[in-house]
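Please read the structure below before turning to the comments.
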Amino acid sequence: MKLNKLEAYESWNLEKLNILSPSRLYPLELVGVGMPYAESLISYIARLPETHVVTTGILVQNALAPFLKEEDTFQSKNGGIDQIFFHHTKIINGIETGIIKLIHALDSLTLRNDLKFLTMLNWAERIPKLIFLHSVRAWCRIYYENWHRNEQIIYEPLL
């Protein structure tokens with residue numbers, strides 16, 4: 001069989017693609033950043049394990065702890081991240097400069113660079129330390145019910 005006609009085939013682009021490496025943890029969308037009811041960092045951390053179908057303890061131990069120095073992680077003299085998670089979660093949303101290590105670890109794991117906006121760190125120079133943090137978590141049942149009814153993300157606002 002003789003071919004009289006040349007067929008044209010599509011050309012291939014052989015340039016190397018710039019593919020980003022995947023994040024270790026799924027980078028959840030932040031809720032309400034820049035708005036009065038922006039999500040708190042502790043809320044974001046609480047939503048992460050749900051996305052990965054693990055407990056918060058497993059996520060902290062297996063994902064966060066390897067990114068932090070041992071003295072920052074478990075039972076240092078000032079209390080490590082394990083103590084913060086179990087006894088002092090209010091510190092995570094506050095203006096403690098030590099929490100910056102945790103934010104950097106989460107930024108690295110999720111490939112985000114905006115998690116600091118889920119804390120009061122931007123206000124650290126203007127607000128007295130810990131004066132505004134409740135010793136227990138405060139929440140409003142009505143907000144949660146409305147978010148649930150409207151199929152919105154349920155989270156703990158920083159406010």
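A note on labels: chains of the structure tokens are A, B, ... as shown, every chain counts residues from 1, and ligands are counted from 1 in their shown order.
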
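Look at Pro27 (chain A): the protein and nucleic acid residues within 9 Å of it, using only C-alpha atoms and passing over chain neighbours fewer than 4 places away, are A:Ser23, A:Leu48, A:Asp107, A:Leu109, A:Thr110, A:Leu111, A:Arg112.
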
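Minimum distance to Tyr26 (chain A) across A:Tyr44, A:Tyr155, A:Tyr9, A:Phe67 (counting only C-alpha atoms) occurs at A:Tyr44.
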
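Nearest residue to Leu41 (chain A) among A:Asn13, A:Thr119, A:Gln61, A:Thr55 is A:Thr119, counting only C-alpha atoms.
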
Contacts of Leu159 (chain A) within 8 Å, only C-alpha atoms, excl. fewer than 5 positions in-chain, as an mmCIF file with C-alpha atoms, in the first residue's frame:
data_model
loop_
_atom_site.group_PDB
_atom_site.id
_atom_site.type_symbol
_atom_site.label_atom_id
_atom_site.label_comp_id
_atom_site.auth_asym_id
_atom_site.auth_seq_id
_atom_site.Cartn_x
_atom_site.Cartn_y
_atom_site.Cartn_z
ATOM 1 C CA PRO A 36 -13.604 39.538 62.453
ATOM 2 C CA TYR A 37 -14.269 35.809 62.901
ATOM 3 C CA ALA A 38 -11.030 34.455 61.474
ATOM 4 C CA SER A 40 -7.739 30.311 65.261
#

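When only C-alpha atoms are used to compute distances to Leu102 (chain A), the closest of the residues A:Lys116, A:Arg126, A:Lys5, A:Arg47 turns out to be A:Lys116.
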
### Summary
Atom pair CA of Ile154 (chain A) + CA of Val31 (chain A), distance 9.4 Å

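The gap separating CA of Ile99 (chain A) from CA of Val60 (chain A) is 14.0 Å, in Å to one decimal.
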
### Query
Please, what distance in Å, to one decimal, runs between CA of Leu118 (chain A) and CA of Ile42 (chain A)?
8.4 Å

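Among the candidates A:Val33, A:Asn122, A:Ala105, A:Trp147, the residue lying nearest to Ala63 (chain A) is A:Ala105 (atoms considered: only C-alpha atoms).
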
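Residue nearest Pro22 (chain A) within the list A:Glu10, A:Ala65, A:Ser108, A:Ile100: A:Ser108 [criterion: smallest interatomic distance, only C-alpha atoms].
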